[in-house]
Every structure is written in C-alpha cells, then in structure tokens.
file coords_4.cif (mmCIF, C-alpha atoms)
data_coords
#
loop_
_atom_site.group_PDB
_atom_site.id
_atom_site.type_symbol
_atom_site.label_atom_id
_atom_site.label_comp_id
_atom_site.auth_asym_id
_atom_site.auth_seq_id
_atom_site.Cartn_x
_atom_site.Cartn_y
_atom_site.Cartn_z
ATOM 1 C CA MET A 1 88.025 74.366 111.898
ATOM 2 C CA ALA A 2 84.375 75.178 111.666
ATOM 3 C CA THR A 3 82.050 72.260 112.168
ATOM 4 C CA THR A 4 78.676 71.925 110.500
ATOM 5 C CA THR A 5 76.639 68.780 110.914
ATOM 6 C CA ALA A 6 73.412 67.846 109.191
ATOM 7 C CA ALA A 7 71.262 65.043 110.539
ATOM 8 C CA VAL A 8 68.060 63.528 109.255
ATOM 9 C CA THR A 9 65.530 61.099 110.635
ATOM 10 C CA LEU A 10 63.094 59.589 108.183
ATOM 11 C CA THR A 11 60.205 57.508 109.489
ATOM 12 C CA SER A 12 57.319 55.866 107.700
ATOM 13 C CA ASP A 13 54.591 53.406 108.542
ATOM 14 C CA LEU A 14 53.575 52.769 104.929
ATOM 15 C CA LEU A 15 55.154 49.328 104.907
ATOM 16 C CA SER A 16 54.100 46.381 107.054
ATOM 17 C CA ASP A 17 57.111 47.050 109.256
ATOM 18 C CA ASN A 18 57.947 50.608 110.158
ATOM 19 C CA MET A 19 60.840 52.297 108.391
ATOM 20 C CA SER A 20 63.162 54.470 110.424
ATOM 21 C CA VAL A 21 66.355 55.834 108.933
ATOM 22 C CA SER A 22 68.761 58.174 110.645
ATOM 23 C CA ALA A 23 71.870 59.707 109.149
ATOM 24 C CA SER A 24 74.284 62.423 110.148
ATOM 25 C CA THR A 25 77.138 63.955 108.227
ATOM 26 C CA THR A 26 79.802 66.495 108.945
ATOM 27 C CA CYS A 27 79.947 68.944 106.072
ATOM 28 C CA THR A 28 83.529 69.130 104.847
ATOM 29 C CA LYS A 29 85.141 70.871 101.924
ATOM 30 C CA ALA A 30 85.358 69.010 98.624
ATOM 31 C CA GLY A 31 87.742 66.076 98.729
ATOM 32 C CA THR A 32 88.889 66.683 102.280
ATOM 33 C CA THR A 33 88.352 64.606 105.378
ATOM 34 C CA ALA A 34 88.906 67.137 108.129
ATOM 35 C CA ASP A 35 88.485 70.652 106.736
ATOM 36 C CA GLY A 36 84.939 71.835 107.400
ATOM 37 C CA LEU A 37 82.865 74.240 105.361
ATOM 38 C CA ASP A 38 83.530 77.668 106.803
ATOM 39 C CA MET A 39 81.210 80.136 105.064
ATOM 40 C CA MET A 40 77.450 80.472 105.142
ATOM 41 C CA ASP A 41 74.512 82.546 103.950
ATOM 42 C CA TYR A 42 71.206 82.404 105.804
ATOM 43 C CA ARG A 43 68.087 84.149 104.598
ATOM 44 C CA TYR A 44 64.371 84.364 105.245
ATOM 45 C CA LEU A 45 62.277 85.850 102.459
ATOM 46 C CA ASP A 46 58.916 86.018 100.741
ATOM 47 C CA ILE A 47 58.528 84.709 97.187
ATOM 48 C CA ALA A 48 55.430 85.985 95.445
ATOM 49 C CA SER A 49 53.464 83.980 92.917
ATOM 50 C CA GLY A 50 54.759 84.431 89.394
ATOM 51 C CA THR A 51 58.169 85.717 90.412
ATOM 52 C CA ASN A 52 61.418 83.905 89.674
ATOM 53 C CA TRP A 53 64.684 84.480 91.542
ATOM 54 C CA ASP A 54 68.203 83.153 91.876
ATOM 55 C CA LEU A 55 68.430 81.735 95.373
ATOM 56 C CA SER A 56 72.045 80.776 94.777
ATOM 57 C CA ASN A 57 73.924 82.379 91.951
ATOM 58 C CA ALA A 58 76.680 80.179 90.588
ATOM 59 C CA ASP A 59 78.362 83.004 88.736
ATOM 60 C CA ASN A 60 82.070 83.470 88.918
ATOM 61 C CA SER A 61 81.990 84.891 92.427
ATOM 62 C CA LEU A 62 81.248 81.458 93.921
ATOM 63 C CA ASN A 63 83.970 78.827 93.896
ATOM 64 C CA LYS A 64 83.202 76.014 91.466
ATOM 65 C CA ASN A 65 82.875 72.244 91.897
ATOM 66 C CA LYS A 66 82.735 72.381 95.651
ATOM 67 C CA ALA A 67 80.894 70.511 98.392
ATOM 68 C CA ASN A 68 78.397 73.258 99.169
ATOM 69 C CA LYS A 69 75.214 72.287 100.984
ATOM 70 C CA VAL A 70 71.847 73.946 100.506
ATOM 71 C CA TYR A 71 68.803 73.895 102.768
ATOM 72 C CA ILE A 72 65.495 75.330 101.571
ATOM 73 C CA ALA A 73 62.234 75.239 103.502
ATOM 74 C CA ASN A 74 58.799 76.522 102.603
ATOM 75 C CA HIS A 75 57.301 77.927 105.789
ATOM 76 C CA SER A 76 53.955 78.767 104.229
ATOM 77 C CA THR A 77 50.950 77.344 106.032
ATOM 78 C CA ASP A 78 48.433 77.072 103.189
ATOM 79 C CA GLU A 79 48.879 73.562 101.792
ATOM 80 C CA THR A 80 48.128 74.716 98.250
ATOM 81 C CA TYR A 81 51.096 77.088 98.208
ATOM 82 C CA TYR A 82 54.292 75.907 96.559
ATOM 83 C CA VAL A 83 57.483 77.008 94.862
ATOM 84 C CA ILE A 84 59.319 75.369 91.978
ATOM 85 C CA ILE A 85 63.034 74.694 92.435
ATOM 86 C CA THR A 86 65.234 74.572 89.340
ATOM 87 C CA ILE A 87 68.943 74.193 88.667
ATOM 88 C CA ASP A 88 70.220 75.533 85.355
ATOM 89 C CA ALA A 89 66.666 75.596 83.950
ATOM 90 C CA THR A 90 65.976 71.961 84.918
ATOM 91 C CA VAL A 91 63.050 71.526 87.272
ATOM 92 C CA ILE A 92 64.115 69.554 90.329
ATOM 93 C CA GLY A 93 60.765 69.572 92.073
ATOM 94 C CA ARG A 94 58.135 71.457 94.008
ATOM 95 C CA LEU A 95 58.378 72.507 97.611
ATOM 96 C CA TYR A 96 54.896 72.704 99.068
ATOM 97 C CA ALA A 97 53.994 74.474 102.284
ATOM 98 C CA GLY A 98 55.798 72.757 105.137
ATOM 99 C CA ASP A 99 58.309 70.963 102.910
ATOM 100 C CA TRP A 100 62.081 71.234 103.154
ATOM 101 C CA MET A 101 64.997 69.981 101.090
ATOM 102 C CA PHE A 102 68.706 69.500 101.724
ATOM 103 C CA ILE A 103 71.121 68.883 98.868
ATOM 104 C CA PRO A 104 74.766 69.103 97.959
ATOM 105 C CA TRP A 105 75.329 71.751 95.332
ATOM 106 C CA GLY A 106 78.536 71.755 93.359
ATOM 107 C CA ALA A 107 77.918 74.991 91.463
ATOM 108 C CA GLU A 108 79.757 73.184 88.693
ATOM 109 C CA ASP A 109 79.583 76.082 86.254
ATOM 110 C CA ALA A 110 78.367 79.641 86.038
ATOM 111 C CA THR A 111 74.890 78.680 84.827
ATOM 112 C CA ALA A 112 74.141 76.183 87.594
ATOM 113 C CA ASP A 113 72.088 78.646 89.591
ATOM 114 C CA ILE A 114 69.480 77.399 92.016
ATOM 115 C CA GLU A 115 66.340 79.278 91.137
ATOM 116 C CA ILE A 116 63.018 79.524 92.912
ATOM 117 C CA GLN A 117 59.698 80.405 91.341
ATOM 118 C CA GLY A 118 56.637 81.234 93.364
ATOM 119 C CA ALA A 119 53.741 79.301 91.867
ATOM 120 C CA THR A 120 50.837 79.890 94.238
ATOM 121 C CA GLY A 121 50.429 82.574 96.865
ATOM 122 C CA THR A 122 53.265 84.357 98.607
ATOM 123 C CA ASN A 123 55.592 81.720 100.010
ATOM 124 C CA THR A 124 57.777 82.305 103.040
ATOM 125 C CA ILE A 125 61.122 80.681 102.399
ATOM 126 C CA CYS A 126 64.009 79.879 104.713
ATOM 127 C CA TYR A 127 67.283 79.317 102.913
ATOM 128 C CA ALA A 128 70.780 78.403 104.044
ATOM 129 C CA LEU A 129 73.911 77.890 101.962
ATOM 130 C CA PHE A 130 77.007 76.415 103.573
ATOM 131 C CA HIS A 131 79.904 76.906 101.183
ATOM 132 C CA GLU A 132 83.636 77.167 100.574
ATOM 133 C CA GLY A 133 83.907 80.828 99.869
ATOM 134 C CA GLN A 134 83.174 83.356 97.222
ATOM 135 C CA THR A 135 84.675 86.502 95.842
ATOM 136 C CA LEU A 136 82.794 89.546 97.020
ATOM 137 C CA HIS A 137 81.851 92.161 94.458
ATOM 138 C CA ALA A 138 83.991 95.240 94.796
ATOM 139 C CA GLY A 139 82.215 98.185 96.344
ATOM 140 C CA GLY A 140 81.969 101.464 94.491
ATOM 141 C CA ASP A 141 81.545 103.885 97.359
ATOM 142 C CA THR A 142 84.424 106.101 98.394
ATOM 143 C CA VAL A 143 84.320 107.323 101.988
ATOM 144 C CA MET B 1 49.631 56.447 107.710
ATOM 145 C CA ALA B 2 52.332 59.034 107.815
ATOM 146 C CA THR B 3 55.838 59.599 106.638
ATOM 147 C CA THR B 4 57.898 62.265 108.339
ATOM 148 C CA ALA B 5 61.372 63.684 107.859
ATOM 149 C CA THR B 6 63.207 65.726 110.455
ATOM 150 C CA ILE B 7 66.358 67.704 109.769
ATOM 151 C CA SER B 8 68.732 69.160 112.329
ATOM 152 C CA ILE B 9 71.628 71.369 111.276
ATOM 153 C CA SER B 10 74.162 72.711 113.722
ATOM 154 C CA SER B 11 77.075 74.929 112.848
ATOM 155 C CA ASP B 12 79.656 77.123 114.549
ATOM 156 C CA ILE B 13 80.550 78.995 111.350
ATOM 157 C CA ALA B 14 78.700 82.108 112.430
ATOM 158 C CA PRO B 15 78.534 83.124 116.094
ATOM 159 C CA GLY B 16 74.913 83.319 117.148
ATOM 160 C CA PHE B 17 73.591 80.942 114.539
ATOM 161 C CA GLY B 18 71.111 78.873 116.474
ATOM 162 C CA GLY B 19 70.912 75.988 114.059
ATOM 163 C CA ILE B 20 68.016 74.618 112.075
ATOM 164 C CA SER B 21 65.453 72.065 113.133
ATOM 165 C CA ASN B 22 62.458 71.247 111.005
ATOM 166 C CA THR B 23 60.026 68.382 110.545
ATOM 167 C CA MET B 24 57.846 67.781 107.531
ATOM 168 C CA THR B 25 55.061 65.325 106.981
ATOM 169 C CA LEU B 26 55.092 64.073 103.416
ATOM 170 C CA THR B 27 51.751 64.908 101.873
ATOM 171 C CA LYS B 28 50.237 64.811 98.424
ATOM 172 C CA ALA B 29 50.541 67.873 96.221
ATOM 173 C CA GLY B 30 48.426 70.760 97.445
ATOM 174 C CA ALA B 31 46.673 68.670 100.073
ATOM 175 C CA LEU B 32 46.895 67.564 103.675
ATOM 176 C CA THR B 33 46.527 63.912 102.652
ATOM 177 C CA ASP B 34 49.515 61.738 103.509
ATOM 178 C CA ILE B 35 51.628 60.311 100.712
ATOM 179 C CA GLU B 36 50.763 56.624 100.469
ATOM 180 C CA GLU B 37 53.328 54.978 98.208
ATOM 181 C CA THR B 38 57.020 54.204 98.303
ATOM 182 C CA ILE B 39 59.477 52.224 96.229
ATOM 183 C CA GLY B 40 60.774 50.779 99.492
ATOM 184 C CA PHE B 41 64.290 51.130 100.799
ATOM 185 C CA SER B 42 67.086 50.186 98.413
ATOM 186 C CA ARG B 43 70.791 49.556 98.733
ATOM 187 C CA ARG B 44 73.037 49.328 95.714
ATOM 188 C CA LYS B 45 76.757 48.917 95.205
ATOM 189 C CA LEU B 46 78.390 50.758 92.307
ATOM 190 C CA ALA B 47 81.902 50.022 91.124
ATOM 191 C CA ALA B 48 82.301 52.004 87.927
ATOM 192 C CA THR B 49 82.091 55.614 86.871
ATOM 193 C CA THR B 50 79.249 54.822 84.513
ATOM 194 C CA ALA B 51 76.140 56.884 85.200
ATOM 195 C CA VAL B 52 73.194 54.711 86.199
ATOM 196 C CA ASP B 53 69.552 55.418 86.951
ATOM 197 C CA ILE B 54 69.037 54.465 90.572
ATOM 198 C CA ILE B 55 65.375 55.512 90.343
ATOM 199 C CA ARG B 56 63.852 55.225 86.879
ATOM 200 C CA MET B 57 60.469 56.877 86.894
ATOM 201 C CA ALA B 58 59.135 54.936 83.912
ATOM 202 C CA THR B 59 59.548 51.652 85.755
ATOM 203 C CA GLU B 60 57.899 52.832 88.936
ATOM 204 C CA LEU B 61 54.153 52.836 89.385
ATOM 205 C CA VAL B 62 53.939 56.592 89.111
ATOM 206 C CA ASP B 63 51.995 58.752 86.749
ATOM 207 C CA THR B 64 54.900 59.531 84.468
ATOM 208 C CA THR B 65 53.060 62.307 82.708
ATOM 209 C CA ALA B 66 52.547 64.227 85.931
ATOM 210 C CA THR B 67 54.609 67.212 86.950
ATOM 211 C CA THR B 68 52.406 68.167 89.848
ATOM 212 C CA THR B 69 53.379 65.566 92.401
ATOM 213 C CA ALA B 70 55.027 66.068 95.760
ATOM 214 C CA ALA B 71 57.382 63.090 95.551
ATOM 215 C CA LYS B 72 60.517 63.079 97.707
ATOM 216 C CA VAL B 73 63.803 61.237 97.253
ATOM 217 C CA TYR B 74 66.384 60.369 99.913
ATOM 218 C CA VAL B 75 69.902 59.251 98.965
ATOM 219 C CA ARG B 76 72.931 58.561 101.150
ATOM 220 C CA ASN B 77 76.502 57.674 100.231
ATOM 221 C CA MET B 78 77.267 54.758 102.546
ATOM 222 C CA GLY B 79 80.955 54.587 101.658
ATOM 223 C CA ASP B 80 82.096 50.983 101.324
ATOM 224 C CA GLY B 81 78.897 49.814 102.971
ATOM 225 C CA LYS B 82 80.829 48.356 105.885
ATOM 226 C CA GLY B 83 81.052 51.428 108.037
ATOM 227 C CA SER B 84 83.932 53.212 106.328
ATOM 228 C CA PHE B 85 83.081 56.571 104.771
ATOM 229 C CA ASP B 86 85.519 58.127 102.330
ATOM 230 C CA LYS B 87 85.094 61.901 102.431
ATOM 231 C CA SER B 88 87.594 62.340 99.609
ATOM 232 C CA THR B 89 85.521 60.751 96.849
ATOM 233 C CA TYR B 90 82.006 61.353 95.706
ATOM 234 C CA VAL B 91 79.020 60.110 93.760
ATOM 235 C CA LYS B 92 77.510 62.726 91.483
ATOM 236 C CA ILE B 93 73.720 62.838 91.718
ATOM 237 C CA SER B 94 71.795 64.216 88.744
ATOM 238 C CA ILE B 95 68.259 64.525 87.449
ATOM 239 C CA GLY B 96 67.520 63.308 83.930
ATOM 240 C CA ALA B 97 68.361 60.080 82.136
ATOM 241 C CA SER B 98 71.667 58.221 82.293
ATOM 242 C CA ASP B 99 71.517 57.719 78.530
ATOM 243 C CA GLY B 100 70.396 61.247 77.785
ATOM 244 C CA THR B 101 70.400 64.746 79.165
ATOM 245 C CA MET B 102 71.200 65.176 82.837
ATOM 246 C CA GLN B 103 71.446 68.088 85.215
ATOM 247 C CA GLU B 104 73.830 67.714 88.119
ATOM 248 C CA ILE B 105 72.391 68.505 91.518
ATOM 249 C CA GLY B 106 75.555 67.932 93.502
ATOM 250 C CA LYS B 107 78.179 65.526 94.754
ATOM 251 C CA LEU B 108 77.572 63.210 97.689
ATOM 252 C CA TYR B 109 80.830 62.541 99.515
ATOM 253 C CA GLY B 110 81.174 59.602 101.885
ATOM 254 C CA GLY B 111 78.500 59.750 104.571
ATOM 255 C CA ASP B 112 76.667 62.657 102.969
ATOM 256 C CA TRP B 113 72.922 62.475 102.444
ATOM 257 C CA MET B 114 70.327 64.448 100.544
ATOM 258 C CA LEU B 115 66.553 64.724 100.557
ATOM 259 C CA PHE B 116 64.792 66.606 97.785
ATOM 260 C CA PRO B 117 61.528 66.865 95.856
ATOM 261 C CA VAL B 118 61.230 65.396 92.373
ATOM 262 C CA THR B 119 58.628 65.755 89.668
ATOM 263 C CA ALA B 120 58.561 61.981 89.049
ATOM 264 C CA ALA B 121 58.055 62.771 85.371
ATOM 265 C CA ASP B 122 59.092 60.123 82.882
ATOM 266 C CA ASP B 123 62.429 61.581 81.816
ATOM 267 C CA MET B 124 63.439 62.909 85.214
ATOM 268 C CA ASP B 125 65.176 59.911 86.706
ATOM 269 C CA VAL B 126 67.587 60.056 89.624
ATOM 270 C CA VAL B 127 71.052 59.302 88.237
ATOM 271 C CA ALA B 128 74.223 58.372 90.121
ATOM 272 C CA ALA B 129 77.769 58.488 88.771
ATOM 273 C CA PRO B 130 80.705 57.591 91.062
ATOM 274 C CA GLU B 131 83.909 59.572 90.780
ATOM 275 C CA ASN B 132 86.050 56.446 90.346
ATOM 276 C CA ASN B 133 85.842 52.668 90.028
ATOM 277 C CA ASN B 134 86.160 51.965 93.735
ATOM 278 C CA ALA B 135 83.120 50.244 95.190
ATOM 279 C CA VAL B 136 80.643 52.602 96.801
ATOM 280 C CA VAL B 137 77.257 51.816 98.312
ATOM 281 C CA LEU B 138 74.192 54.013 98.019
ATOM 282 C CA GLU B 139 71.042 53.770 100.075
ATOM 283 C CA TYR B 140 67.941 55.456 98.710
ATOM 284 C CA THR B 141 64.188 55.577 98.686
ATOM 285 C CA MET B 142 61.389 57.550 97.119
ATOM 286 C CA PHE B 143 57.950 58.415 98.424
ATOM 287 C CA TYR B 144 55.442 59.368 95.762
ATOM 288 C CA GLU B 145 51.819 59.744 94.759
#
call {"tool": "encode", "arguments": {"input": "coords_4.cif", "output": "structure tokens"}}
result
Amino acid sequence: MATTTAAVTLTSDLLSDNMSVSASTTCTKAGTTADGLDMMDYRYLDIASGTNWDLSNADNSLNKNKANKVYIANHSTDETYYVIITIDATVIGRLYAGDWMFIPWGAEDATADIEIQGATGTNTICYALFHEGQTLHAGGDTV
Amino acid sequence: MATTATISISSDIAPGFGGISNTMTLTKAGALTDIEETIGFSRRKLAATTAVDIIRMATELVDTTATTTAAKVYVRNMGDGKGSFDKSTYVKISIGASDGTMQEIGKLYGGDWMLFPVTAADDMDVVAAPENNNAVVLEYTMFYE
C-alpha cells in the first residue's frame, strides 16, 4: 500500500512556559486502518488578484465522503499578499504570504469545492491533494 | 515572541515526489509582526454525536466583527486520549455555529490533525461532531490577533 505521512510541529513562546506540540499521522482511506491514500495531485500556480478558482472540484468525478487531505501554501514573499480560501461559498480564512494550511476534505457533495481567490497581488500557491480516486473525464480525441 | 508551525509530508504514491517541508511564522494580517494571543492549549472529551462549538469566537477576546485577521486553528483527534487511535471513526470539523448554519471542512480520523486559517468572525466558530457516541478526545488551540 502507498504510505503518506503528515507531521506537524507547533511551537510558541507566548505563554509563560513554552508550548511545543508534535503530531504525525498516516493518511489512510476513510474508515480503514491499513489502506493508505493512493492518489495525489500536486500543483504550483499563480493566482492573480481578483481572480477566483476551484482548487479542488468536488464534482461527481471525485469520490465523495472520503478522507482526502489538502495542503495549500502561499509562497508569496510580500507580507501584504493573501488569498481567501472558501469551501462551498463559506470563507474558511485567509492565507497570507508564507502561510500554509493542512486539512481533511471530505468532498461531501458536489458543491463542496475548495476555492481560492487572489485578494492582493499575484500569489504563488503550492497545492497538494491526497485522495481516494476520481473518475477521469473521457477524452474526445481519436488517434 | 514567535509562534511557528512546521509541516513535513512524505509519500510514496508518486515516484519522484520529494515530499513537502515548510515552516511558517504566525504573523498578524498583512504584517511581519508576530501574532501575540492564544486561547491556550485545550483538551476535551466528547461522547455524543451532538455538534459542539470547541472554539466559540464570541466568547474569545477577539474582534468578532473582523474578517481581516490571520488567526490559525490546530485540532487533533487524540482517539481515546490514552494512546489508542481509531482510524475507523471520525470527528467532523466544521465552520459556523453548532446551533445554526455550518460548513463541513472535513473528517478527522483517529490521530489525524489539521491546521487552518480562520476569520475569527462572530458566527464562524469551530464545530466538532463525532461520528458516534464512543468517547473521543480532541486537542486544539487557536492563535489570533
């Protein structure tokens, strides 16, 4: 089986005693203990200010109610640059230059797209989706 | 004072994929100034499928009218809280209000974690709903402006 692991270390000195949290998980298919996610998409793209795109389209080609994992990072260097992340028209939050996020994404129905809107500047985005499979659109070319 | 988060992803799904490693310093919106506030680190046991607000923005000392913040939330499904992680059951994490409209983000199975930005606006709470009535422990925190 394919093995995908995601680890995080979170440290902060805001409190009187330092906080340090580490976690690691093996990304498995929904409801299974040993069957790992075995499909992935990995992209690197520019998102211009004022444009709005589906990063992950939850239409019928993507299997529903799964244990997909999504990583999005804003690699812009100007701290005023940011993108707005939404799921099914609900704003989740803003990713400013240098920020990243990692979430499970069930793609619970066909409207649960993850969308990205460039708000300031042209943002350079790294995006990875680890998923359980999708139906490819049939090609129209005859060769 | 600084708060940092480092992610490392490794995978053998695709030959040649070199993995992902990235560190961010949590800063205020549109600035290089470090985020200075946190709700602290929380641990909560849930034992019912009822959706509950684990972070209710209106009760935190945040500007609940703001939509321009760079707040970040971390949540982990700790399984039974005693070291046993059940990968077959999940806690659904949503944004909204447990007594109102919610938008599912995704399902955290045993041991899974997530870190994501939030608006910290008044009606955009972080909501958790376990799949079943078995006890499950969540650990979570939020850093905000």
call {"tool": "residues_near_point", "arguments": {"input": "coords_4.cif", "point": "(58.0, 83.5, 94.2)", "cutoff": "8 Å", "atoms": "all atoms listed in the file", "output": "PyMOL selection string"}}
result
chain A and resi 46-53+83+116-119+122-123
call {"tool": "write_last_selection", "arguments": {"input": "coords_4.cif", "atoms": "C-alpha atoms", "output": "PDB file, keeping the file's coordinate frame"}}
result
ATOM      1  CA  ASP A  46      58.916  86.018 100.741  1.00  0.00           C
ATOM      2  CA  ILE A  47      58.528  84.709  97.187  1.00  0.00           C
ATOM      3  CA  ALA A  48      55.430  85.985  95.445  1.00  0.00           C
ATOM      4  CA  SER A  49      53.464  83.980  92.917  1.00  0.00           C
ATOM      5  CA  GLY A  50      54.759  84.431  89.394  1.00  0.00           C
ATOM      6  CA  THR A  51      58.169  85.717  90.412  1.00  0.00           C
ATOM      7  CA  ASN A  52      61.418  83.905  89.674  1.00  0.00           C
ATOM      8  CA  TRP A  53      64.684  84.480  91.542  1.00  0.00           C
ATOM      9  CA  VAL A  83      57.483  77.008  94.862  1.00  0.00           C
ATOM     10  CA  ILE A 116      63.018  79.524  92.912  1.00  0.00           C
ATOM     11  CA  GLN A 117      59.698  80.405  91.341  1.00  0.00           C
ATOM     12  CA  GLY A 118      56.637  81.234  93.364  1.00  0.00           C
ATOM     13  CA  ALA A 119      53.741  79.301  91.867  1.00  0.00           C
ATOM     14  CA  THR A 122      53.265  84.357  98.607  1.00  0.00           C
ATOM     15  CA  ASN A 123      55.592  81.720 100.010  1.00  0.00           C
TER      16      ASN A 123
END
call {"tool": "resolve_selection", "arguments": {"input": "coords_4.cif", "expression": "the PyMOL selection byres ((chain B and resi 9) around 9)", "output": "compact mmCIF listing (two decimals) with C-alpha atoms, in the frame of the given file"}}
result
# COMPACT_ATOMS: atom_id res chain seq x y z
CA THR A 4 78.68 71.92 110.50
CA THR A 5 76.64 68.78 110.91
CA ALA A 6 73.41 67.85 109.19
CA ALA A 7 71.26 65.04 110.54
CA VAL A 8 68.06 63.53 109.26
CA ILE B 7 66.36 67.70 109.77
CA SER B 8 68.73 69.16 112.33
CA SER B 10 74.16 72.71 113.72
CA SER B 11 77.08 74.93 112.85
CA GLY B 19 70.91 75.99 114.06
CA ILE B 20 68.02 74.62 112.08
CA SER B 21 65.45 72.06 113.13
call {"tool": "closest_residue", "arguments": {"input": "coords_4.cif", "among": "A:Asp54, A:Met19, A:Asp99, A:His75", "to": "Ser42 in chain B", "atoms": "all atoms listed in the file"}}
result
A:Met19
call {"tool": "residues_around", "arguments": {"input": "coords_4.cif", "residues": "Met40 in chain A", "least_positions_apart": "2", "cutoff": "6 Å", "atoms": "only C-alpha atoms", "output": "list in words"}}
result
Leu129, Phe130 and His131 of chain A
call {"tool": "residues_around", "arguments": {"input": "coords_4.cif", "residues": "Ala128 in chain B", "least_positions_apart": "4", "cutoff": "10 Å", "atoms": "only C-alpha atoms", "output": "PDB file with C-alpha atoms, in the frame of the given file"}}
result
ATOM      1  CA  LEU B  46      78.390  50.758  92.307  1.00  0.00           C
ATOM      2  CA  THR B  49      82.091  55.614  86.871  1.00  0.00           C
ATOM      3  CA  THR B  50      79.249  54.822  84.513  1.00  0.00           C
ATOM      4  CA  ALA B  51      76.140  56.884  85.200  1.00  0.00           C
ATOM      5  CA  VAL B  52      73.194  54.711  86.199  1.00  0.00           C
ATOM      6  CA  ASP B  53      69.552  55.418  86.951  1.00  0.00           C
ATOM      7  CA  ILE B  54      69.037  54.465  90.572  1.00  0.00           C
ATOM      8  CA  ILE B  55      65.375  55.512  90.343  1.00  0.00           C
ATOM      9  CA  VAL B  75      69.902  59.251  98.965  1.00  0.00           C
ATOM     10  CA  VAL B  91      79.020  60.110  93.760  1.00  0.00           C
ATOM     11  CA  LYS B  92      77.510  62.726  91.483  1.00  0.00           C
ATOM     12  CA  ILE B  93      73.720  62.838  91.718  1.00  0.00           C
ATOM     13  CA  SER B  94      71.795  64.216  88.744  1.00  0.00           C
ATOM     14  CA  ILE B  95      68.259  64.525  87.449  1.00  0.00           C
ATOM     15  CA  SER B  98      71.667  58.221  82.293  1.00  0.00           C
ATOM     16  CA  GLU B 104      73.830  67.714  88.119  1.00  0.00           C
ATOM     17  CA  LYS B 107      78.179  65.526  94.754  1.00  0.00           C
ATOM     18  CA  LEU B 108      77.572  63.210  97.689  1.00  0.00           C
ATOM     19  CA  LEU B 138      74.192  54.013  98.019  1.00  0.00           C
TER      20      LEU B 138
END
call {"tool": "closest_residue", "arguments": {"input": "coords_4.cif", "among": "B:Ala5, B:Ile105, B:Leu26, B:Met114", "to": "Val127 in chain B", "atoms": "only C-alpha atoms"}}
result
B:Ile105
call {"tool": "resolve_selection", "arguments": {"input": "coords_4.cif", "expression": "the PyMOL selection byres ((chain B) within 7 of (chain A))", "output": "JSON, numbers by chain"}}
result
{"B": [1, 2, 3, 4, 5, 6, 7, 8, 9, 10, 11, 12, 13, 24, 30, 31, 32, 36, 70, 87, 88, 89, 103, 105, 106, 107, 108, 111, 112, 114, 115, 116, 117, 118, 119]}
call {"tool": "residues_around", "arguments": {"input": "coords_4.cif", "residues": "Asp80 in chain B", "least_positions_apart": "4", "cutoff": "7 Å", "atoms": "all atoms listed in the file", "output": "NGL selection string"}}
result
:B and (84-85 or 135-137)
call {"tool": "build_atoms", "arguments": {"input": "coords_4.cif", "residues": "range 121-134 of chain A", "atoms": "N, CA and C atoms", "output": "compact mmCIF listing (two decimals), in the frame of the given file"}}
result
# COMPACT_ATOMS: atom_id res chain seq x y z
N GLY A 121 50.35 81.78 95.65
CA GLY A 121 50.43 82.57 96.86
C GLY A 121 51.80 83.20 97.07
N THR A 122 51.96 83.81 98.21
CA THR A 122 53.26 84.36 98.61
C THR A 122 53.87 83.40 99.62
N ASN A 123 54.97 82.77 99.21
CA ASN A 123 55.59 81.72 100.01
C ASN A 123 56.71 82.29 100.88
N THR A 124 56.72 81.90 102.13
CA THR A 124 57.78 82.30 103.04
C THR A 124 58.86 81.23 103.04
N ILE A 125 60.05 81.64 102.64
CA ILE A 125 61.12 80.68 102.40
C ILE A 125 62.28 80.93 103.35
N CYS A 126 62.78 79.84 103.94
CA CYS A 126 64.01 79.88 104.71
C CYS A 126 65.08 79.19 103.88
N TYR A 127 66.25 79.81 103.82
CA TYR A 127 67.28 79.32 102.91
C TYR A 127 68.64 79.43 103.59
N ALA A 128 69.42 78.37 103.51
CA ALA A 128 70.78 78.40 104.04
C ALA A 128 71.73 77.77 103.04
N LEU A 129 72.84 78.42 102.82
CA LEU A 129 73.91 77.89 101.96
C LEU A 129 75.18 77.81 102.79
N PHE A 130 75.72 76.61 102.91
CA PHE A 130 77.01 76.42 103.57
C PHE A 130 78.01 76.16 102.46
N HIS A 131 79.06 76.97 102.37
CA HIS A 131 79.90 76.91 101.18
C HIS A 131 81.38 77.10 101.51
N GLU A 132 82.18 77.13 100.43
CA GLU A 132 83.64 77.17 100.57
C GLU A 132 84.22 78.52 100.22
N GLY A 133 83.38 79.50 100.12
CA GLY A 133 83.91 80.83 99.87
C GLY A 133 83.52 81.39 98.52
N GLN A 134 83.47 82.68 98.45
CA GLN A 134 83.17 83.36 97.22
C GLN A 134 83.89 84.70 97.20
